[in-house]
file run-v2.pdb (PDB, C-alpha atoms and all ligand atoms)
ATOM      1  CA  MET A   1      80.364 143.285  98.441
ATOM      2  CA  HIS A   2      83.967 144.186  97.745
ATOM      3  CA  GLN A   3      85.014 142.449 100.898
ATOM      4  CA  ASN A   4      83.132 139.306  99.873
ATOM      5  CA  ASP A   5      84.782 139.372  96.470
ATOM      6  CA  SER A   6      88.244 139.590  97.940
ATOM      7  CA  VAL A   7      87.390 136.814 100.400
ATOM      8  CA  ASN A   8      86.274 134.665  97.474
ATOM      9  CA  GLU A   9      89.415 135.514  95.544
ATOM     10  CA  ARG A  10      91.573 134.534  98.464
ATOM     11  CA  ARG A  11      89.661 131.293  98.839
ATOM     12  CA  ASN A  12      89.991 130.511  95.141
ATOM     13  CA  GLU A  13      93.677 131.225  95.306
ATOM     14  CA  ARG A  14      94.032 128.951  98.344
ATOM     15  CA  GLU A  15      92.139 126.190  96.554
ATOM     16  CA  ARG A  16      94.230 126.622  93.426
ATOM     17  CA  ARG A  17      97.427 126.340  95.466
ATOM     18  CA  ALA A  18      96.095 123.272  97.292
ATOM     19  CA  ARG A  19      95.305 121.630  93.945
ATOM     20  CA  ALA A  20      98.750 122.493  92.631
ATOM     21  CA  ARG A  21     100.355 121.019  95.762
ATOM     22  CA  GLU A  22      98.220 117.892  95.398
ATOM     23  CA  LEU A  23      99.223 117.534  91.737
ATOM     24  CA  GLU A  24     102.854 118.003  92.714
ATOM     25  CA  ARG A  25     102.525 115.309  95.382
ATOM     26  CA  LEU A  26     100.881 112.892  92.940
ATOM     27  CA  MET A  27     103.502 113.606  90.263
ATOM     28  CA  LYS A  28     106.159 112.868  92.871
ATOM     29  CA  GLN A  29     104.465 109.517  93.552
ATOM     30  CA  LEU A  30     104.460 108.771  89.842
ATOM     31  CA  ASP A  31     108.150 109.692  89.664
ATOM     32  CA  ASP A  32     108.893 107.360  92.566
ATOM     33  CA  ALA A  33     106.982 104.505  90.906
ATOM     34  CA  ASP A  34     108.829 105.372  87.738
ATOM     35  CA  ALA A  35     112.212 105.152  89.453
ATOM     36  CA  ARG A  36     111.325 101.868  91.183
ATOM     37  CA  GLN A  37     110.029 100.200  88.062
ATOM     38  CA  GLY A  38     112.530 101.652  85.639
ATOM     39  CA  LEU A  39     110.084 103.193  83.236
ATOM     40  CA  GLY A  40     112.296 106.077  82.201
ATOM     41  CA  ALA A  41     111.156 109.650  81.996
ATOM     42  CA  TRP A  42     107.575 110.785  81.637
ATOM     43  CA  PRO A  43     106.262 111.117  78.984
ATOM     44  CA  PRO A  44     107.545 107.734  77.781
ATOM     45  CA  ALA A  45     109.906 107.690  74.827
ATOM     46  CA  ASP A  46     108.594 107.110  71.328
ATOM     47  CA  ARG A  47     107.219 103.592  71.417
ATOM     48  CA  SER A  48     107.829 102.652  67.797
ATOM     49  CA  ARG A  49     111.474 103.526  68.098
ATOM     50  CA  ARG A  50     111.791 101.535  71.310
ATOM     51  CA  THR A  51     110.150  98.543  69.645
ATOM     52  CA  ARG A  52     112.672  98.526  66.846
ATOM     53  CA  THR A  53     115.620  98.985  69.186
ATOM     54  CA  ASN A  54     114.505  96.144  71.425
ATOM     55  CA  ALA A  55     113.463  93.742  68.689
ATOM     56  CA  GLY A  56     115.337  90.478  69.104
ATOM     57  CA  THR A  57     115.256  87.687  71.642
ATOM     58  CA  LYS A  58     112.128  86.472  73.361
ATOM     59  CA  THR A  59     113.354  87.746  76.709
ATOM     60  CA  ARG A  60     113.704  91.226  75.361
ATOM     61  CA  THR A  61     110.256  91.096  73.850
ATOM     62  CA  ASN A  62     108.823  90.145  77.216
ATOM     63  CA  THR A  63     110.607  92.982  78.932
ATOM     64  CA  ARG A  64     109.322  95.412  76.380
ATOM     65  CA  THR A  65     105.749  94.224  76.763
ATOM     66  CA  THR A  66     105.963  94.679  80.521
ATOM     67  CA  THR A  67     107.304  98.171  80.095
ATOM     68  CA  TRP A  68     104.504  99.039  77.729
ATOM     69  CA  LEU A  69     101.856  97.748  80.076
ATOM     70  CA  LEU A  70     103.294  99.708  82.944
ATOM     71  CA  SER A  71     103.482 102.830  80.811
ATOM     72  CA  GLY A  72      99.834 102.326  79.958
ATOM     73  CA  THR A  73      99.018 102.007  83.644
ATOM     74  CA  ILE A  74     100.789 105.234  84.375
ATOM     75  CA  THR A  75      98.897 106.969  81.577
ATOM     76  CA  VAL A  76      95.588 105.886  83.073
ATOM     77  CA  LEU A  77      96.774 106.928  86.527
ATOM     78  CA  LEU A  78      97.790 110.316  85.215
ATOM     79  CA  LEU A  79      94.464 110.777  83.433
ATOM     80  CA  GLY A  80      92.753 109.737  86.638
ATOM     81  CA  ILE A  81      94.641 112.393  88.534
ATOM     82  CA  ILE A  82      93.860 115.097  86.020
ATOM     83  CA  ILE A  83      90.198 114.136  86.039
ATOM     84  CA  ALA A  84      90.128 114.134  89.823
ATOM     85  CA  LEU A  85      91.655 117.618  89.870
ATOM     86  CA  HIS A  86      89.498 119.078  87.116
ATOM     87  CA  PRO A  87      85.962 117.782  87.525
ATOM     88  CA  GLY A  88      83.642 118.920  84.761
ATOM     89  CA  PRO A  89      81.350 117.693  81.986
ATOM     90  CA  GLN A  90      84.185 116.546  79.686
ATOM     91  CA  ALA A  91      85.915 114.858  82.606
ATOM     92  CA  THR A  92      82.707 112.991  83.420
ATOM     93  CA  ALA A  93      82.690 111.413  79.959
ATOM     94  CA  VAL A  94      86.336 110.366  80.281
ATOM     95  CA  ARG A  95      85.681 109.061  83.798
ATOM     96  CA  ARG A  96      82.999 106.780  82.367
ATOM     97  CA  LEU A  97      85.360 105.630  79.639
ATOM     98  CA  LEU A  98      87.935 104.687  82.257
ATOM     99  CA  GLY A  99      85.361 102.894  84.380
ATOM    100  CA  PHE A 100      85.321 105.434  87.200
ATOM    101  CA  GLY A 101      81.518 105.261  87.369
ATOM    102  CA  GLU A 102      79.003 107.958  86.700
ATOM    103  CA  GLY A 103      79.325 110.049  89.802
ATOM    104  CA  ARG A 104      77.227 110.377  92.905
ATOM    105  CA  ILE A 105      74.156 108.246  93.299
ATOM    106  CA  MET A 106      72.259 110.938  95.220
ATOM    107  CA  ALA A 107      72.818 114.699  95.245
ATOM    108  CA  ALA A 108      75.370 116.058  97.701
ATOM    109  CA  PRO A 109      73.643 117.750 100.654
ATOM    110  CA  GLU A 110      74.125 121.384 101.627
ATOM    111  CA  VAL A 111      75.742 121.801 105.029
ATOM    112  CA  PRO A 112      73.050 123.501 107.140
ATOM    113  CA  ASP A 113      73.964 126.739 108.959
ATOM    114  CA  GLY A 114      73.583 126.907 112.658
ATOM    115  CA  PRO A 115      74.850 125.816 116.023
ATOM    116  CA  GLY A 116      75.726 122.379 117.319
ATOM    117  CA  ASP A 117      78.841 120.287 117.586
ATOM    118  CA  TYR A 118      79.819 117.263 115.612
ATOM    119  CA  ALA A 119      82.872 115.033 115.519
ATOM    120  CA  PHE A 120      84.207 112.468 113.095
ATOM    121  CA  VAL A 121      85.401 108.979 113.894
ATOM    122  CA  ALA A 122      88.374 109.546 111.572
ATOM    123  CA  THR A 123      89.723 112.295 109.353
ATOM    124  CA  GLN A 124      91.987 112.353 106.331
ATOM    125  CA  ARG A 125      95.609 113.495 106.604
ATOM    126  CA  ASP A 126      94.521 117.139 106.485
ATOM    127  CA  GLY A 127      92.937 116.542 109.911
ATOM    128  CA  ARG A 128      89.691 118.122 108.710
ATOM    129  CA  THR A 129      88.037 116.105 105.903
ATOM    130  CA  PRO A 130      86.083 113.178 107.309
ATOM    131  CA  VAL A 131      86.678 109.575 106.352
ATOM    132  CA  GLY A 132      83.411 108.239 104.964
ATOM    133  CA  TYR A 133      81.817 105.880 102.497
ATOM    134  CA  ASP A 134      82.266 106.607  98.783
ATOM    135  CA  PRO A 135      79.146 108.606  97.781
ATOM    136  CA  CYS A 136      79.383 107.096  94.279
ATOM    137  CA  ARG A 137      78.667 103.627  95.619
ATOM    138  CA  VAL A 138      75.677 102.074  97.335
ATOM    139  CA  ILE A 139      76.354 101.063 100.939
ATOM    140  CA  GLU A 140      75.236  97.448 101.096
ATOM    141  CA  LEU A 141      73.808  95.984 104.276
ATOM    142  CA  GLU A 142      72.942  92.472 105.302
ATOM    143  CA  ILE A 143      70.817  91.774 108.350
ATOM    144  CA  ASN A 144      70.996  88.865 110.737
ATOM    145  CA  PRO A 145      67.415  88.653 112.028
ATOM    146  CA  ASP A 146      68.217  86.235 114.914
ATOM    147  CA  ASP A 147      66.910  87.725 118.181
ATOM    148  CA  ALA A 148      65.888  90.891 116.321
ATOM    149  CA  PRO A 149      62.559  92.556 117.177
ATOM    150  CA  ASP A 150      59.667  91.725 114.806
ATOM    151  CA  ASP A 151      59.853  95.133 113.145
ATOM    152  CA  TYR A 152      63.629  95.019 112.650
ATOM    153  CA  ARG A 153      63.343  95.775 108.965
ATOM    154  CA  ASP A 154      61.357  98.929 109.607
ATOM    155  CA  LEU A 155      63.922 100.069 112.207
ATOM    156  CA  VAL A 156      66.769  99.573 109.707
ATOM    157  CA  ASP A 157      64.915 101.129 106.755
ATOM    158  CA  THR A 158      63.929 104.168 108.819
ATOM    159  CA  ALA A 159      67.512 104.647 110.049
ATOM    160  CA  THR A 160      68.956 104.417 106.532
ATOM    161  CA  ARG A 161      66.308 106.854 105.277
ATOM    162  CA  HIS A 162      67.244 109.366 107.999
ATOM    163  CA  ILE A 163      70.957 108.988 107.202
ATOM    164  CA  SER A 164      70.346 109.194 103.443
ATOM    165  CA  GLU A 165      68.338 112.399 103.819
ATOM    166  CA  ALA A 166      71.168 113.983 105.803
ATOM    167  CA  THR A 167      74.138 112.660 103.808
ATOM    168  CA  GLY A 168      73.013 111.856 100.262
ATOM    169  CA  LEU A 169      74.469 108.371 100.777
ATOM    170  CA  ALA A 170      72.498 105.460  99.327
ATOM    171  CA  PHE A 171      71.878 102.194 101.189
ATOM    172  CA  LYS A 172      70.582  98.857 100.039
ATOM    173  CA  VAL A 173      69.655  95.851 102.151
ATOM    174  CA  VAL A 174      70.962  93.021 100.018
ATOM    175  CA  GLY A 175      69.526  90.226 102.141
ATOM    176  CA  THR A 176      69.638  88.346 105.408
ATOM    177  CA  THR A 177      72.558  86.345 106.739
ATOM    178  CA  ASP A 178      73.346  83.953 109.573
ATOM    179  CA  THR A 179      76.766  85.574 110.140
ATOM    180  CA  ARG A 180      77.214  86.451 113.812
ATOM    181  CA  PRO A 181      78.950  89.694 114.818
ATOM    182  CA  SER A 182      81.412  87.626 116.886
ATOM    183  CA  GLY A 183      82.177  85.383 113.924
ATOM    184  CA  ARG A 184      82.967  88.200 111.550
ATOM    185  CA  PRO A 185      86.668  88.832 110.892
ATOM    186  CA  ASP A 186      87.979  92.354 111.485
ATOM    187  CA  ASP A 187      88.972  92.626 107.847
ATOM    188  CA  ALA A 188      85.576  91.469 106.541
ATOM    189  CA  LYS A 189      84.661  92.765 103.105
ATOM    190  CA  GLY A 190      81.264  93.010 101.478
ATOM    191  CA  PRO A 191      78.040  94.296 102.970
ATOM    192  CA  ALA A 192      77.996  95.864 106.427
ATOM    193  CA  LEU A 193      76.418  93.557 109.002
ATOM    194  CA  VAL A 194      73.398  94.622 111.066
ATOM    195  CA  ALA A 195      72.697  92.186 113.908
ATOM    196  CA  TRP A 196      71.318  91.817 117.425
ATOM    197  CA  ALA A 197      73.458  90.267 120.135
ATOM    198  CA  ASP A 198      73.914  90.150 123.899
ATOM    199  CA  GLU A 199      76.908  91.020 126.039
ATOM    200  CA  GLY A 200      77.814  87.332 126.306
ATOM    201  CA  GLU A 201      78.648  87.407 122.604
ATOM    202  CA  VAL A 202      79.750  91.026 122.154
ATOM    203  CA  SER A 203      81.424  92.275 125.335
ATOM    204  CA  GLU A 204      81.140  95.952 124.288
ATOM    205  CA  LEU A 205      77.378  95.626 124.931
ATOM    206  CA  GLU A 206      78.025  95.125 128.648
ATOM    207  CA  GLY A 207      76.034  97.208 131.125
ATOM    208  CA  ASP A 208      73.826  99.999 129.772
ATOM    209  CA  VAL A 209      75.222  99.940 126.226
ATOM    210  CA  ALA A 210      72.372  99.582 123.725
ATOM    211  CA  GLY A 211      74.455  99.270 120.559
ATOM    212  CA  VAL A 212      77.888  99.473 119.005
ATOM    213  CA  ALA A 213      78.854 100.313 115.445
ATOM    214  CA  GLY A 214      81.810 101.167 113.273
ATOM    215  CA  SER A 215      83.340 100.866 109.847
ATOM    216  CA  ARG A 216      86.695  99.809 108.473
ATOM    217  CA  ALA A 217      88.648 102.298 106.376
ATOM    218  CA  MET A 218      91.048 101.563 103.565
ATOM    219  CA  GLY A 219      93.168 103.757 101.316
ATOM    220  CA  ILE A 220      95.571 103.281  98.455
ATOM    221  CA  GLY A 221      99.049 104.720  98.991
ATOM    222  CA  ASN A 222      98.805 108.250 100.307
ATOM    223  CA  GLY A 223      95.339 108.667  98.803
ATOM    224  CA  PRO A 224      92.200 109.358 100.814
ATOM    225  CA  MET A 225      90.749 106.692 103.096
ATOM    226  CA  PHE A 226      87.250 105.328 102.543
ATOM    227  CA  PHE A 227      85.077 103.098 104.637
ATOM    228  CA  VAL A 228      84.644  99.757 102.906
ATOM    229  CA  SER A 229      82.518  97.748 105.315
ATOM    230  CA  GLY A 230      81.222  97.896 108.846
ATOM    231  CA  ALA A 231      78.898  96.544 111.489
ATOM    232  CA  VAL A 232      75.986  97.708 113.621
ATOM    233  CA  THR A 233      75.289  95.486 116.627
ATOM    234  CA  LEU A 234      72.220  96.172 118.766
ATOM    235  CA  ASP A 235      71.532  94.882 122.273
ATOM    236  CA  THR A 236      68.850  92.155 122.362
ATOM    237  CA  GLU A 237      68.044  92.982 125.980
ATOM    238  CA  VAL A 238      67.153  96.607 125.191
ATOM    239  CA  PHE A 239      65.274  95.765 121.985
ATOM    240  CA  SER A 240      63.140  93.109 123.670
ATOM    241  CA  ASP A 241      62.271  95.371 126.626
ATOM    242  CA  ASP A 242      58.636  96.468 126.291
ATOM    243  CA  ASP A 243      59.275  99.444 128.576
ATOM    244  CA  VAL A 244      61.578 101.122 126.056
ATOM    245  CA  PRO A 245      59.461 103.366 123.790
ATOM    246  CA  ARG A 246      59.556 102.665 120.043
ATOM    247  CA  ASP A 247      60.928 106.106 119.168
ATOM    248  CA  GLN A 248      63.769 105.527 121.626
ATOM    249  CA  LEU A 249      64.648 102.244 119.916
ATOM    250  CA  GLN A 250      64.627 104.024 116.554
ATOM    251  CA  ALA A 251      66.884 106.715 118.017
ATOM    252  CA  ILE A 252      69.367 104.032 119.132
ATOM    253  CA  VAL A 253      69.474 102.522 115.629
ATOM    254  CA  ASP A 254      69.860 106.002 114.101
ATOM    255  CA  HIS A 255      72.707 106.806 116.543
ATOM    256  CA  GLU A 256      74.528 103.589 115.617
ATOM    257  CA  PHE A 257      74.105 104.257 111.901
ATOM    258  CA  GLY A 258      75.571 107.700 112.617
ATOM    259  CA  HIS A 259      78.690 105.884 113.882
ATOM    260  CA  LEU A 260      78.640 103.511 110.905
ATOM    261  CA  VAL A 261      78.948 106.391 108.418
ATOM    262  CA  GLY A 262      81.583 108.205 110.483
ATOM    263  CA  LEU A 263      80.129 110.382 113.256
ATOM    264  CA  ASP A 264      81.720 110.227 116.700
ATOM    265  CA  HIS A 265      80.213 111.233 120.052
ATOM    266  CA  VAL A 266      79.858 114.868 121.108
ATOM    267  CA  ASP A 267      79.534 116.344 124.605
ATOM    268  CA  ASP A 268      76.272 118.168 123.870
ATOM    269  CA  PRO A 269      73.189 116.316 125.260
ATOM    270  CA  ARG A 270      70.971 118.052 122.654
ATOM    271  CA  GLU A 271      72.610 116.038 119.882
ATOM    272  CA  LEU A 272      71.694 112.433 119.074
ATOM    273  CA  MET A 273      75.422 111.637 118.938
ATOM    274  CA  TYR A 274      75.679 112.375 122.676
ATOM    275  CA  ALA A 275      77.021 109.159 124.206
ATOM    276  CA  GLU A 276      74.018 108.577 126.457
ATOM    277  CA  SER A 277      70.344 108.232 125.718
ATOM    278  CA  VAL A 278      68.741 111.307 127.348
ATOM    279  CA  GLY A 279      65.434 111.488 125.495
ATOM    280  CA  VAL A 280      66.654 113.017 122.218
ATOM    281  CA  THR A 281      65.060 110.986 119.417
ATOM    282  CA  GLU A 282      66.132 112.880 116.293
ATOM    283  CA  PHE A 283      69.414 114.066 114.856
ATOM    284  CA  GLY A 284      70.248 117.513 116.254
ATOM    285  CA  PRO A 285      71.646 120.517 114.359
ATOM    286  CA  GLY A 286      75.276 119.525 114.938
ATOM    287  CA  ASP A 287      74.606 115.912 113.954
ATOM    288  CA  LEU A 288      73.004 117.089 110.698
ATOM    289  CA  ARG A 289      75.951 119.337 109.841
ATOM    290  CA  GLY A 290      78.387 116.505 110.518
ATOM    291  CA  LEU A 291      76.352 114.078 108.424
ATOM    292  CA  ALA A 292      76.250 116.570 105.546
ATOM    293  CA  GLU A 293      80.057 116.927 105.697
ATOM    294  CA  ILE A 294      80.403 113.141 105.579
ATOM    295  CA  GLY A 295      78.028 112.940 102.615
ATOM    296  CA  ARG A 296      79.883 115.649 100.675
ATOM    297  CA  ILE A 297      83.274 113.964 100.439
ATOM    298  CA  ALA A 298      84.640 113.414  96.947
ATOM    299  CA  CYS A 299      84.061 110.063  95.298
ATOM    300  CA  ARG A 300      86.858 107.544  95.215
TER     301      ARG A 300
HETATM  302 ZN    ZN A 401      77.535 105.893 120.420
END
call {"tool": "encode", "arguments": {"input": "run-v2.pdb", "output": "structure tokens"}}
result
Amino acid sequence: MHQNDSVNERRNERERRARARELERLMKQLDDADARQGLGAWPPADRSRRTRTNAGTKTRTNTRTTTWLLSGTITVLLLGIIIALHPGPQATAVRRLLGFGEGRIMAAPEVPDGPGDYAFVATQRDGRTPVGYDPCRVIELEINPDDAPDDYRDLVDTATRHISEATGLAFKVVGTTDTRPSGRPDDAKGPALVAWADEGEVSELEGDVAGVAGSRAMGIGNGPMFFVSGAVTLDTEVFSDDDVPRDQLQAIVDHEFGHLVGLDHVDDPRELMYAESVGVTEFGPGDLRGLAEIGRIACR
């Protein structure tokens, strides 16, 4: 008991120091912006006095207005930082006021105990926290049904349900599209594209590869990276082969959606994120832990 308490205390202390370091880093960023844009010291000087001092020509008025706007921006930024560092009921109300949204769409999952490896496609600068989709936003998908199997919608809905259960991330199919994976720019925004293609169109599908998937990450300044859009491309040859069992096809779609949300391959053939299809049809214990970690990241 005592040991646990002291472990908790140490952890709390570590977290407190990490938060303090983060605040210091963000304040430094604000200072830098301040120096670049000539805003003066924080907090800004008394505005009414500055107004009187600067009253005069039109040019001066314009300058003053700009300064005010920028000061306002900094205030919102600073509030944003404080809210991010001190989540709580009051902060939630202020977040709403500032248009930060109302928090997670689905509850954050617990990370299950147990064995099993998992790996992330990308991590934040701490080398540990995964890059993922913002859990406060719905991940939108659009499907190109060309060359898709008849039950494509069921395959996609089942995969998103499996991923949602493991991550607490919400998906929505917003419609169909005629966009081809090969015609989609690398910096595409908007819904992630789910499509079927052959190796003639998407060379990564060459040989035994049954699908490819990934997401594009973006971040602001030194802030955390988030996935903003992505693509899942499935091999028409495999999905039109009657000899491939249905549960194996579902497992392929699930595996690719695992990549979409940020899981990388592992060396353990008992996990669905093993690079080859070896008869595993459900997410393994390591996969589920990795998915939970991805689903637990803080909102943007
Ligand atoms: Zn894979």
call {"tool": "residues_around", "arguments": {"input": "run-v2.pdb", "residues": "Ser229 of chain A", "least_positions_apart": "4", "cutoff": "6 Å", "atoms": "all atoms listed in the file", "output": "list in words"}}
result
Lys189, Ala192, Ser215 and Arg216 of chain A
call {"tool": "residues_near_ligand", "arguments": {"input": "run-v2.pdb", "ligand": "ligand ZN 401 (chain A)", "cutoff": "7 Å", "atoms": "all atoms listed in the file", "output": "VMD selection string"}}
result
chain A and resid 212 255 to 256 259 265 273 275
call {"tool": "closest_residue", "arguments": {"input": "run-v2.pdb", "among": "A:Cys299, A:Ala195, A:Val156, A:Ile294", "to": "Arg128 of chain A", "atoms": "all atoms listed in the file"}}
result
A:Ile294
call {"tool": "resolve_selection", "arguments": {"input": "run-v2.pdb", "expression": "the PyMOL selection byres (((chain A and resi 126) around 12) and not hetatm)", "output": "list in words"}}
result
Ala18, Glu22, Ala122, Thr123, Gln124, Arg125, Gly127, Arg128, Thr129, Pro130, Val131, Asn222, Gly223, Pro224 and Met225 of chain A
call {"tool": "write_last_selection", "arguments": {"input": "run-v2.pdb", "atoms": "C-alpha atoms", "output": "PDB file, keeping the file's coordinate frame"}}
result
ATOM      1  CA  ALA A  18      96.095 123.272  97.292  1.00  0.00           C
ATOM      2  CA  GLU A  22      98.220 117.892  95.398  1.00  0.00           C
ATOM      3  CA  ALA A 122      88.374 109.546 111.572  1.00  0.00           C
ATOM      4  CA  THR A 123      89.723 112.295 109.353  1.00  0.00           C
ATOM      5  CA  GLN A 124      91.987 112.353 106.331  1.00  0.00           C
ATOM      6  CA  ARG A 125      95.609 113.495 106.604  1.00  0.00           C
ATOM      7  CA  GLY A 127      92.937 116.542 109.911  1.00  0.00           C
ATOM      8  CA  ARG A 128      89.691 118.122 108.710  1.00  0.00           C
ATOM      9  CA  THR A 129      88.037 116.105 105.903  1.00  0.00           C
ATOM     10  CA  PRO A 130      86.083 113.178 107.309  1.00  0.00           C
ATOM     11  CA  VAL A 131      86.678 109.575 106.352  1.00  0.00           C
ATOM     12  CA  ASN A 222      98.805 108.250 100.307  1.00  0.00           C
ATOM     13  CA  GLY A 223      95.339 108.667  98.803  1.00  0.00           C
ATOM     14  CA  PRO A 224      92.200 109.358 100.814  1.00  0.00           C
ATOM     15  CA  MET A 225      90.749 106.692 103.096  1.00  0.00           C
TER      16      MET A 225
END
call {"tool": "residues_near_point", "arguments": {"input": "run-v2.pdb", "point": "(86.8, 94.5, 107.1)", "cutoff": "10 Å", "atoms": "all atoms listed in the file", "output": "number ranges by chain"}}
result
A: 184-192, 215-218, 227-231
call {"tool": "atom_distance", "arguments": {"input": "run-v2.pdb", "atom1": "atom CA of Ser240 of chain A", "atom2": "atom CA of Asp268 of chain A"}}
result
28.3 Å
call {"tool": "resolve_selection", "arguments": {"input": "run-v2.pdb", "expression": "the PyMOL selection byres (((chain A and resi 145) around 10) and not hetatm)", "output": "ChimeraX atom specification"}}
result
/A:142-144,146-150,152-153,176-178,194-196
call {"tool": "axis_aligned_box", "arguments": {"input": "run-v2.pdb", "around": "segment 244-259 of chain A", "padding_each_side": "5 Å", "output": "lines of an AutoDock Vina configuration file"}}
result
center_x = 69.1
center_y = 104.4
center_z = 119.0
size_x = 29.2
size_y = 16.6
size_z = 24.2
call {"tool": "atom_distance", "arguments": {"input": "run-v2.pdb", "atom1": "atom CA of Ser182 of chain A", "atom2": "atom CA of Gly132 of chain A"}}
result
23.9 Å
call {"tool": "closest_residue", "arguments": {"input": "run-v2.pdb", "among": "A:Leu260, A:Val111, A:Leu155, A:Val232", "to": "Gly286 of chain A", "atoms": "only C-alpha atoms"}}
result
A:Val111
call {"tool": "resolve_selection", "arguments": {"input": "run-v2.pdb", "expression": "the PyMOL selection byres (((chain A and resi 235) around 8) and not hetatm)", "output": "PyMOL selection string"}}
result
chain A and resi 196-199+205+209-211+233-234+236-239
